[in-house]
file data03.pdb (PDB, C-alpha atoms)
ATOM      1  CA  MET Z 149     135.638 -44.481 -19.530
ATOM      2  CA  ILE Z 150     137.257 -42.881 -16.456
ATOM      3  CA  ARG Z 151     140.238 -40.779 -17.503
ATOM      4  CA  VAL Z 152     143.059 -40.832 -14.926
ATOM      5  CA  LEU Z 153     146.153 -38.639 -14.503
ATOM      6  CA  LEU Z 154     149.050 -40.024 -12.436
ATOM      7  CA  ALA Z 155     151.182 -37.615 -10.385
ATOM      8  CA  ASP Z 156     154.215 -39.109  -8.610
ATOM      9  CA  ASP Z 157     157.909 -38.247  -8.741
ATOM     10  CA  GLN Z 158     158.943 -41.926  -8.947
ATOM     11  CA  THR Z 159     158.832 -43.325 -12.466
ATOM     12  CA  LEU Z 160     158.520 -46.940 -11.291
ATOM     13  CA  VAL Z 161     155.582 -46.080  -9.047
ATOM     14  CA  ARG Z 162     153.809 -44.305 -11.890
ATOM     15  CA  GLY Z 163     154.478 -47.301 -14.119
ATOM     16  CA  ALA Z 164     152.951 -49.707 -11.617
ATOM     17  CA  PHE Z 165     149.862 -47.546 -11.190
ATOM     18  CA  ALA Z 166     149.566 -47.166 -14.974
ATOM     19  CA  LEU Z 167     149.566 -50.936 -15.467
ATOM     20  CA  LEU Z 168     146.900 -51.338 -12.805
ATOM     21  CA  VAL Z 169     144.640 -48.570 -14.065
ATOM     22  CA  ASN Z 170     144.919 -49.585 -17.709
ATOM     23  CA  SER Z 171     144.104 -53.185 -16.775
ATOM     24  CA  ALA Z 172     140.610 -52.081 -15.763
ATOM     25  CA  GLY Z 173     138.067 -52.088 -18.547
ATOM     26  CA  ASP Z 174     136.416 -48.844 -17.502
ATOM     27  CA  MET Z 175     139.417 -46.526 -17.040
ATOM     28  CA  GLU Z 176     142.584 -45.374 -18.762
ATOM     29  CA  VAL Z 177     145.692 -43.328 -17.932
ATOM     30  CA  VAL Z 178     145.703 -40.141 -20.023
ATOM     31  CA  GLY Z 179     148.878 -38.576 -18.624
ATOM     32  CA  GLU Z 180     151.732 -38.774 -16.104
ATOM     33  CA  ALA Z 181     153.326 -36.005 -14.053
ATOM     34  CA  GLY Z 182     156.565 -36.121 -12.063
ATOM     35  CA  THR Z 183     156.085 -32.843 -10.189
ATOM     36  CA  GLY Z 184     153.226 -30.862  -8.712
ATOM     37  CA  ASP Z 185     153.622 -28.161 -11.353
ATOM     38  CA  GLU Z 186     153.358 -30.768 -14.120
ATOM     39  CA  ALA Z 187     150.253 -32.194 -12.469
ATOM     40  CA  VAL Z 188     148.565 -28.783 -12.487
ATOM     41  CA  THR Z 189     149.533 -28.094 -16.103
ATOM     42  CA  LEU Z 190     148.487 -31.525 -17.377
ATOM     43  CA  THR Z 191     145.184 -31.353 -15.510
ATOM     44  CA  ARG Z 192     144.436 -28.045 -17.205
ATOM     45  CA  ASP Z 193     145.365 -29.485 -20.603
ATOM     46  CA  LEU Z 194     143.824 -32.953 -20.325
ATOM     47  CA  CYS Z 195     140.884 -32.433 -17.945
ATOM     48  CA  PRO Z 196     141.089 -35.941 -16.400
ATOM     49  CA  ASP Z 197     138.230 -37.273 -14.313
ATOM     50  CA  VAL Z 198     140.562 -38.321 -11.475
ATOM     51  CA  VAL Z 199     144.087 -37.260 -10.508
ATOM     52  CA  LEU Z 200     146.033 -39.788  -8.422
ATOM     53  CA  MET Z 201     148.265 -37.419  -6.460
ATOM     54  CA  ASP Z 202     151.372 -38.072  -4.375
ATOM     55  CA  ILE Z 203     152.153 -35.561  -1.627
ATOM     56  CA  ARG Z 204     155.939 -35.373  -1.655
ATOM     57  CA  MET Z 205     157.139 -34.140  -5.033
ATOM     58  CA  PRO Z 206     159.773 -31.637  -6.191
ATOM     59  CA  SER Z 207     158.937 -27.934  -6.366
ATOM     60  CA  THR Z 208     155.175 -27.663  -5.804
ATOM     61  CA  ASP Z 209     154.074 -30.493  -3.526
ATOM     62  CA  GLY Z 210     150.961 -32.577  -4.028
ATOM     63  CA  ILE Z 211     148.828 -30.646  -1.582
ATOM     64  CA  GLU Z 212     149.527 -27.274  -3.181
ATOM     65  CA  ALA Z 213     148.983 -28.855  -6.602
ATOM     66  CA  THR Z 214     145.664 -30.184  -5.333
ATOM     67  CA  ARG Z 215     144.654 -26.715  -4.173
ATOM     68  CA  GLN Z 216     145.439 -25.228  -7.579
ATOM     69  CA  ILE Z 217     143.652 -28.008  -9.461
ATOM     70  CA  CYS Z 218     140.524 -27.747  -7.336
ATOM     71  CA  ALA Z 219     140.528 -23.968  -7.618
ATOM     72  CA  ASP Z 220     140.782 -24.239 -11.412
ATOM     73  CA  ASP Z 221     138.291 -26.963 -12.224
ATOM     74  CA  ALA Z 222     135.919 -28.793  -9.908
ATOM     75  CA  SER Z 223     135.313 -31.469 -12.555
ATOM     76  CA  SER Z 224     138.750 -33.041 -11.996
ATOM     77  CA  LYS Z 225     138.707 -34.949  -8.708
ATOM     78  CA  VAL Z 226     141.895 -35.484  -6.705
ATOM     79  CA  LEU Z 227     142.596 -38.748  -4.877
ATOM     80  CA  ILE Z 228     145.727 -38.489  -2.745
ATOM     81  CA  LEU Z 229     147.928 -41.575  -2.401
ATOM     82  CA  THR Z 230     150.811 -41.351   0.033
ATOM     83  CA  THR Z 231     153.044 -43.191   2.465
ATOM     84  CA  PHE Z 232     152.750 -40.233   4.871
ATOM     85  CA  GLU Z 233     149.246 -40.578   6.282
ATOM     86  CA  THR Z 234     149.675 -38.087   9.138
ATOM     87  CA  ASP Z 235     146.936 -35.957  10.629
ATOM     88  CA  THR Z 236     148.510 -32.781   9.258
ATOM     89  CA  ASN Z 237     148.766 -34.184   5.742
ATOM     90  CA  VAL Z 238     145.212 -35.489   5.777
ATOM     91  CA  LEU Z 239     143.690 -32.219   6.934
ATOM     92  CA  ARG Z 240     145.823 -30.132   4.593
ATOM     93  CA  GLY Z 241     144.921 -32.372   1.676
ATOM     94  CA  LEU Z 242     141.210 -32.328   2.403
ATOM     95  CA  ARG Z 243     141.152 -28.587   2.919
ATOM     96  CA  ALA Z 244     142.989 -28.178  -0.385
ATOM     97  CA  GLY Z 245     140.055 -29.912  -2.039
ATOM     98  CA  ALA Z 246     141.015 -33.585  -2.269
ATOM     99  CA  CYS Z 247     138.061 -35.960  -2.504
ATOM    100  CA  GLY Z 248     139.891 -38.923  -1.015
ATOM    101  CA  PHE Z 249     142.980 -40.018   0.872
ATOM    102  CA  LEU Z 250     144.510 -43.506   0.691
ATOM    103  CA  PRO Z 251     147.845 -45.106   1.622
ATOM    104  CA  LYS Z 252     150.017 -46.382  -1.232
ATOM    105  CA  ASP Z 253     149.807 -49.932   0.100
ATOM    106  CA  THR Z 254     146.065 -50.027  -0.635
ATOM    107  CA  ARG Z 255     145.058 -53.301  -2.335
ATOM    108  CA  PRO Z 256     144.839 -53.003  -6.147
ATOM    109  CA  ASP Z 257     141.124 -53.834  -6.241
ATOM    110  CA  ALA Z 258     140.440 -51.319  -3.476
ATOM    111  CA  LEU Z 259     142.352 -48.616  -5.344
ATOM    112  CA  LEU Z 260     140.362 -49.204  -8.518
ATOM    113  CA  ALA Z 261     137.158 -49.079  -6.488
ATOM    114  CA  ALA Z 262     138.331 -45.815  -4.909
ATOM    115  CA  ILE Z 263     138.953 -44.279  -8.341
ATOM    116  CA  ARG Z 264     135.414 -45.214  -9.376
ATOM    117  CA  THR Z 265     134.006 -43.776  -6.154
ATOM    118  CA  VAL Z 266     135.795 -40.457  -6.552
ATOM    119  CA  ALA Z 267     134.962 -40.265 -10.270
ATOM    120  CA  ALA Z 268     131.287 -40.653  -9.347
ATOM    121  CA  GLY Z 269     131.533 -37.518  -7.236
ATOM    122  CA  GLU Z 270     131.705 -39.185  -3.835
ATOM    123  CA  ALA Z 271     134.362 -38.784  -1.156
ATOM    124  CA  LEU Z 272     136.286 -41.388   0.797
ATOM    125  CA  LEU Z 273     138.880 -41.715   3.524
ATOM    126  CA  SER Z 274     140.949 -44.724   4.482
ATOM    127  CA  PRO Z 275     140.578 -45.901   8.104
ATOM    128  CA  GLY Z 276     143.998 -44.406   8.831
ATOM    129  CA  ALA Z 277     143.018 -41.047   7.390
ATOM    130  CA  THR Z 278     139.785 -41.046   9.380
ATOM    131  CA  ARG Z 279     141.716 -41.745  12.577
ATOM    132  CA  ALA Z 280     144.091 -38.931  11.677
ATOM    133  CA  VAL Z 281     141.228 -36.457  11.331
ATOM    134  CA  ILE Z 282     139.717 -37.539  14.639
ATOM    135  CA  THR Z 283     143.068 -37.519  16.451
ATOM    136  CA  ARG Z 284     143.831 -34.040  15.191
ATOM    137  CA  ALA Z 285     140.453 -32.741  16.288
ATOM    138  CA  LEU Z 286     140.537 -34.426  19.689
ATOM    139  CA  SER Z 287     143.978 -32.940  20.371
ATOM    140  CA  ARG Z 288     142.220 -29.562  20.494
ATOM    141  CA  PRO Z 289     139.300 -30.202  22.865
ATOM    142  CA  ASP Z 290     139.082 -26.528  23.743
ATOM    143  CA  ALA Z 291     138.807 -25.392  20.123
ATOM    144  CA  PRO Z 292     136.036 -22.827  19.794
ATOM    145  CA  THR Z 293     132.972 -23.721  17.778
ATOM    146  CA  PRO Z 294     133.241 -22.105  14.349
ATOM    147  CA  GLU Z 295     130.807 -19.214  14.001
ATOM    148  CA  ARG Z 296     129.395 -20.743  10.838
ATOM    149  CA  LEU Z 297     127.890 -23.559  12.941
ATOM    150  CA  ALA Z 298     125.676 -20.942  14.574
ATOM    151  CA  SER Z 299     123.558 -20.966  11.405
ATOM    152  CA  LEU Z 300     122.504 -24.566  12.041
ATOM    153  CA  THR Z 301     119.260 -25.428  13.783
ATOM    154  CA  ALA Z 302     119.265 -27.758  16.775
ATOM    155  CA  ARG Z 303     118.094 -30.614  14.557
ATOM    156  CA  GLU Z 304     120.771 -29.881  11.948
ATOM    157  CA  ARG Z 305     123.468 -29.909  14.628
ATOM    158  CA  GLU Z 306     122.198 -33.310  15.747
ATOM    159  CA  VAL Z 307     122.289 -34.579  12.153
ATOM    160  CA  LEU Z 308     125.822 -33.221  11.773
ATOM    161  CA  ARG Z 309     126.881 -35.060  14.918
ATOM    162  CA  LEU Z 310     125.484 -38.304  13.504
ATOM    163  CA  VAL Z 311     127.205 -37.761  10.149
ATOM    164  CA  ALA Z 312     130.490 -37.346  12.041
ATOM    165  CA  THR Z 313     130.003 -40.730  13.706
ATOM    166  CA  GLY Z 314     129.735 -42.378  10.278
ATOM    167  CA  ARG Z 315     125.961 -42.825  10.095
ATOM    168  CA  SER Z 316     124.393 -43.163   6.662
ATOM    169  CA  ASN Z 317     121.250 -41.228   5.750
ATOM    170  CA  GLN Z 318     119.176 -44.351   6.434
ATOM    171  CA  GLU Z 319     120.779 -44.808   9.862
ATOM    172  CA  ILE Z 320     120.243 -41.130  10.678
ATOM    173  CA  ALA Z 321     116.599 -41.485   9.668
ATOM    174  CA  ASN Z 322     116.179 -44.540  11.906
ATOM    175  CA  GLU Z 323     117.780 -42.841  14.907
ATOM    176  CA  LEU Z 324     115.802 -39.609  14.566
ATOM    177  CA  VAL Z 325     112.593 -41.394  13.534
ATOM    178  CA  VAL Z 326     112.222 -39.486  10.272
ATOM    179  CA  SER Z 327     112.088 -40.540   6.636
ATOM    180  CA  PRO Z 328     115.309 -41.143   4.668
ATOM    181  CA  LEU Z 329     114.308 -38.251   2.393
ATOM    182  CA  THR Z 330     114.082 -35.941   5.395
ATOM    183  CA  ALA Z 331     117.502 -37.057   6.604
ATOM    184  CA  LYS Z 332     118.941 -36.496   3.126
ATOM    185  CA  THR Z 333     117.395 -33.021   3.033
ATOM    186  CA  HIS Z 334     118.932 -32.142   6.404
ATOM    187  CA  VAL Z 335     122.377 -33.244   5.197
ATOM    188  CA  ALA Z 336     121.996 -31.229   1.988
ATOM    189  CA  ARG Z 337     121.041 -28.100   3.948
ATOM    190  CA  ILE Z 338     124.008 -28.545   6.298
ATOM    191  CA  LEU Z 339     126.365 -28.904   3.331
ATOM    192  CA  ALA Z 340     124.978 -25.687   1.859
ATOM    193  CA  LYS Z 341     125.112 -23.712   5.122
ATOM    194  CA  LEU Z 342     128.683 -24.756   5.902
ATOM    195  CA  GLY Z 343     129.884 -24.442   2.322
ATOM    196  CA  ALA Z 344     131.159 -28.026   2.492
ATOM    197  CA  ARG Z 345     131.597 -30.139  -0.643
ATOM    198  CA  ASP Z 346     130.844 -33.540   0.859
ATOM    199  CA  ARG Z 347     130.402 -35.620   4.004
ATOM    200  CA  VAL Z 348     134.158 -35.864   4.604
ATOM    201  CA  HIS Z 349     134.308 -32.123   5.146
ATOM    202  CA  LEU Z 350     131.265 -32.286   7.404
ATOM    203  CA  VAL Z 351     133.184 -34.769   9.573
ATOM    204  CA  ILE Z 352     136.065 -32.315   9.833
ATOM    205  CA  ALA Z 353     133.750 -29.431  10.738
ATOM    206  CA  ALA Z 354     131.953 -31.507  13.368
ATOM    207  CA  TYR Z 355     135.117 -32.739  15.075
ATOM    208  CA  GLU Z 356     136.717 -29.292  15.062
ATOM    209  CA  ALA Z 357     133.553 -27.969  16.709
ATOM    210  CA  GLY Z 358     133.615 -30.734  19.313
ATOM    211  CA  LEU Z 359     130.196 -32.100  18.341
ATOM    212  CA  PRO Z 360     130.744 -35.932  18.358
TER     213      PRO Z 360
END

call {"tool": "encode", "arguments": {"input": "data03.pdb", "output": "structure tokens"}}
result
Amino acid sequence: MIRVLLADDQTLVRGAFALLVNSAGDMEVVGEAGTGDEAVTLTRDLCPDVVLMDIRMPSTDGIEATRQICADDASSKVLILTTFETDTNVLRGLRAGACGFLPKDTRPDALLAAIRTVAAGEALLSPGATRAVITRALSRPDAPTPERLASLTAREREVLRLVATGRSNQEIANELVVSPLTAKTHVARILAKLGARDRVHLVIAAYEAGLP
């Protein structure tokens, strides 16, 4: 059973999400928060698998709450749901530690699928959030390459470039004419060298470095 915490300052919105989540046979709502501070406190107390987090809330906003939650306990994954899918919000949310970013008008079945994806330890971005990341990065074409990328080999930089274009491990393997296991190993080494949690953060690093 996937345990979900809802964080939104609108009671009706929380109620709608609660009905949806509880309608699924494999998940349940274990708590509701109306502010960022409440979300942090309840996450510490309840240890949910997934926190559905709004950005704009009184006092501590959703992004700062996400940062505190992720700093406290990596086992609780944060999925941000918002009507403000701007490039700044997306990057701030991802850097705070969010595992996913979706608009509030996401279809109910897609939202449930997203909760399952994040609970399984994977990351996801909506098409709008992906465009926001790319737009933000491309607005700074003269951004210097982060020094941490210097630790990558030429092959690892090529793999990182392919990850940033959305290639799967199998597609990377096909393009570089290597085995899927080799491609997976390259991605794992890049994650370790850059201190990135998942492929979403590799996309950010690649675009900021001007690799794609």

call {"tool": "residues_around", "arguments": {"input": "data03.pdb", "residues": "range 191-201 of chain Z", "least_positions_apart": "3", "cutoff": "9 Å", "atoms": "all atoms listed in the file", "output": "VMD selection string"}}
result
chain Z and resid 150 to 156 177 to 179 184 186 to 188 210 to 211 213 to 214 217 220 to 221 223 to 230 263 to 264 266 to 267

call {"tool": "closest_residue", "arguments": {"input": "data03.pdb", "among": "Z:Asp209, Z:Leu329, Z:Thr159, Z:Cys247", "to": "Gly269 in chain Z", "atoms": "all atoms listed in the file"}}
result
Z:Cys247

call {"tool": "atom_distance", "arguments": {"input": "data03.pdb", "atom1": "CA of Ala172 in chain Z", "atom2": "CA of Leu160 in chain Z"}}
result
19.2 Å

call {"tool": "resolve_selection", "arguments": {"input": "data03.pdb", "expression": "the PyMOL selection byres ((chain Z and resi 244) around 8)", "output": "PyMOL selection string"}}
result
chain Z and resi 211-212+214-215+218+240-243+245-246

call {"tool": "atom_distance", "arguments": {"input": "data03.pdb", "atom1": "CA of Ala262 in chain Z", "atom2": "CA of Ala312 in chain Z"}}
result
20.5 Å

call {"tool": "atom_distance", "arguments": {"input": "data03.pdb", "atom1": "CA of Asp257 in chain Z", "atom2": "CA of Thr189 in chain Z"}}
result
28.8 Å

call {"tool": "axis_aligned_box", "arguments": {"input": "data03.pdb", "around": "range 335-352 of chain Z", "padding_each_side": "8 Å", "output": "JSON"}}
result
{"center_x": 128.6, "center_y": -29.8, "center_z": 4.6, "size_x": 31.0, "size_y": 28.2, "size_z": 26.5}

call {"tool": "residues_around", "arguments": {"input": "data03.pdb", "residues": "His349 in chain Z", "least_positions_apart": "4", "cutoff": "9 Å", "atoms": "only C-alpha atoms", "output": "PyMOL selection string"}}
result
chain Z and resi 242-243+339+344-345+353-354

call {"tool": "write_last_selection", "arguments": {"input": "data03.pdb", "atoms": "C-alpha atoms", "output": "short mmCIF file (atom, residue, chain, number, x, y, z; two decimals), in the frame of the given file"}}
result
data_model
loop_
_atom_site.label_atom_id
_atom_site.label_comp_id
_atom_site.auth_asym_id
_atom_site.auth_seq_id
_atom_site.Cartn_x
_atom_site.Cartn_y
_atom_site.Cartn_z
CA LEU Z 242 141.21 -32.33 2.40
CA ARG Z 243 141.15 -28.59 2.92
CA LEU Z 339 126.36 -28.90 3.33
CA ALA Z 344 131.16 -28.03 2.49
CA ARG Z 345 131.60 -30.14 -0.64
CA ALA Z 353 133.75 -29.43 10.74
CA ALA Z 354 131.95 -31.51 13.37
#

call {"tool": "resolve_selection", "arguments": {"input": "data03.pdb", "expression": "the PyMOL selection byres ((chain Z and resi 317) around 6)", "output": "VMD selection string"}}
result
chain Z and resid 316 318 to 320 331 to 332

call {"tool": "write_last_selection", "arguments": {"input": "data03.pdb", "atoms": "C-alpha atoms", "output": "tab-separated table (two decimals), keeping the file's coordinate frame"}}
result
chain	number	residue	atom	x	y	z
Z	316	SER	CA	124.39	-43.16	6.66
Z	318	GLN	CA	119.18	-44.35	6.43
Z	319	GLU	CA	120.78	-44.81	9.86
Z	320	ILE	CA	120.24	-41.13	10.68
Z	331	ALA	CA	117.50	-37.06	6.60
Z	332	LYS	CA	118.94	-36.50	3.13

call {"tool": "resolve_selection", "arguments": {"input": "data03.pdb", "expression": "the PyMOL selection byres ((chain Z and resi 351) around 9)", "output": "PyMOL selection string"}}
result
chain Z and resi 281-282+308-309+311-314+347-350+352-356

call {"tool": "write_last_selection", "arguments": {"input": "data03.pdb", "atoms": "C-alpha atoms", "output": "compact mmCIF listing (two decimals), in the frame of the given file"}}
result
# COMPACT_ATOMS: atom_id res chain seq x y z
CA VAL Z 281 141.23 -36.46 11.33
CA ILE Z 282 139.72 -37.54 14.64
CA LEU Z 308 125.82 -33.22 11.77
CA ARG Z 309 126.88 -35.06 14.92
CA VAL Z 311 127.20 -37.76 10.15
CA ALA Z 312 130.49 -37.35 12.04
CA THR Z 313 130.00 -40.73 13.71
CA GLY Z 314 129.74 -42.38 10.28
CA ARG Z 347 130.40 -35.62 4.00
CA VAL Z 348 134.16 -35.86 4.60
CA HIS Z 349 134.31 -32.12 5.15
CA LEU Z 350 131.26 -32.29 7.40
CA ILE Z 352 136.06 -32.32 9.83
CA ALA Z 353 133.75 -29.43 10.74
CA ALA Z 354 131.95 -31.51 13.37
CA TYR Z 355 135.12 -32.74 15.08
CA GLU Z 356 136.72 -29.29 15.06

call {"tool": "closest_residue", "arguments": {"input": "data03.pdb", "among": "Z:Leu297, Z:Leu167, Z:Met149, Z:Ala271", "to": "Asp346 in chain Z", "atoms": "only C-alpha atoms"}}
result
Z:Ala271

call {"tool": "build_atoms", "arguments": {"input": "data03.pdb", "residues": "range 305-322 of chain Z", "atoms": "N, CA and C atoms", "output": "compact mmCIF listing (two decimals), in the frame of the given file"}}
result
# COMPACT_ATOMS: atom_id res chain seq x y z
N ARG Z 305 122.27 -29.61 13.85
CA ARG Z 305 123.47 -29.91 14.63
C ARG Z 305 123.47 -31.37 15.06
N GLU Z 306 122.29 -31.90 15.38
CA GLU Z 306 122.20 -33.31 15.75
C GLU Z 306 122.50 -34.20 14.54
N VAL Z 307 122.00 -33.83 13.37
CA VAL Z 307 122.29 -34.58 12.15
C VAL Z 307 123.78 -34.53 11.84
N LEU Z 308 124.39 -33.36 12.02
CA LEU Z 308 125.82 -33.22 11.77
C LEU Z 308 126.60 -34.12 12.71
N ARG Z 309 126.20 -34.19 13.96
CA ARG Z 309 126.88 -35.06 14.92
C ARG Z 309 126.80 -36.52 14.47
N LEU Z 310 125.66 -36.93 13.95
CA LEU Z 310 125.48 -38.30 13.50
C LEU Z 310 126.30 -38.58 12.24
N VAL Z 311 126.37 -37.61 11.35
CA VAL Z 311 127.20 -37.76 10.15
C VAL Z 311 128.65 -37.99 10.56
N ALA Z 312 129.10 -37.25 11.59
CA ALA Z 312 130.49 -37.35 12.04
C ALA Z 312 130.80 -38.69 12.68
N THR Z 313 129.78 -39.41 13.13
CA THR Z 313 130.00 -40.73 13.71
C THR Z 313 129.92 -41.82 12.65
N GLY Z 314 129.75 -41.42 11.37
CA GLY Z 314 129.74 -42.38 10.28
C GLY Z 314 128.38 -42.92 9.90
N ARG Z 315 127.31 -42.35 10.43
CA ARG Z 315 125.96 -42.82 10.10
C ARG Z 315 125.60 -42.50 8.65
N SER Z 316 124.93 -43.41 8.00
CA SER Z 316 124.39 -43.16 6.66
C SER Z 316 123.08 -42.40 6.81
N ASN Z 317 122.53 -41.93 5.69
CA ASN Z 317 121.25 -41.23 5.75
C ASN Z 317 120.16 -42.13 6.31
N GLN Z 318 120.18 -43.42 5.92
CA GLN Z 318 119.18 -44.35 6.43
C GLN Z 318 119.32 -44.52 7.94
N GLU Z 319 120.55 -44.64 8.42
CA GLU Z 319 120.78 -44.81 9.86
C GLU Z 319 120.39 -43.55 10.63
N ILE Z 320 120.66 -42.39 10.05
CA ILE Z 320 120.24 -41.13 10.68
C ILE Z 320 118.72 -41.08 10.77
N ALA Z 321 118.06 -41.48 9.69
CA ALA Z 321 116.60 -41.48 9.67
C ALA Z 321 116.05 -42.41 10.75
N ASN Z 322 116.64 -43.59 10.89
CA ASN Z 322 116.18 -44.54 11.91
C ASN Z 322 116.35 -43.98 13.31
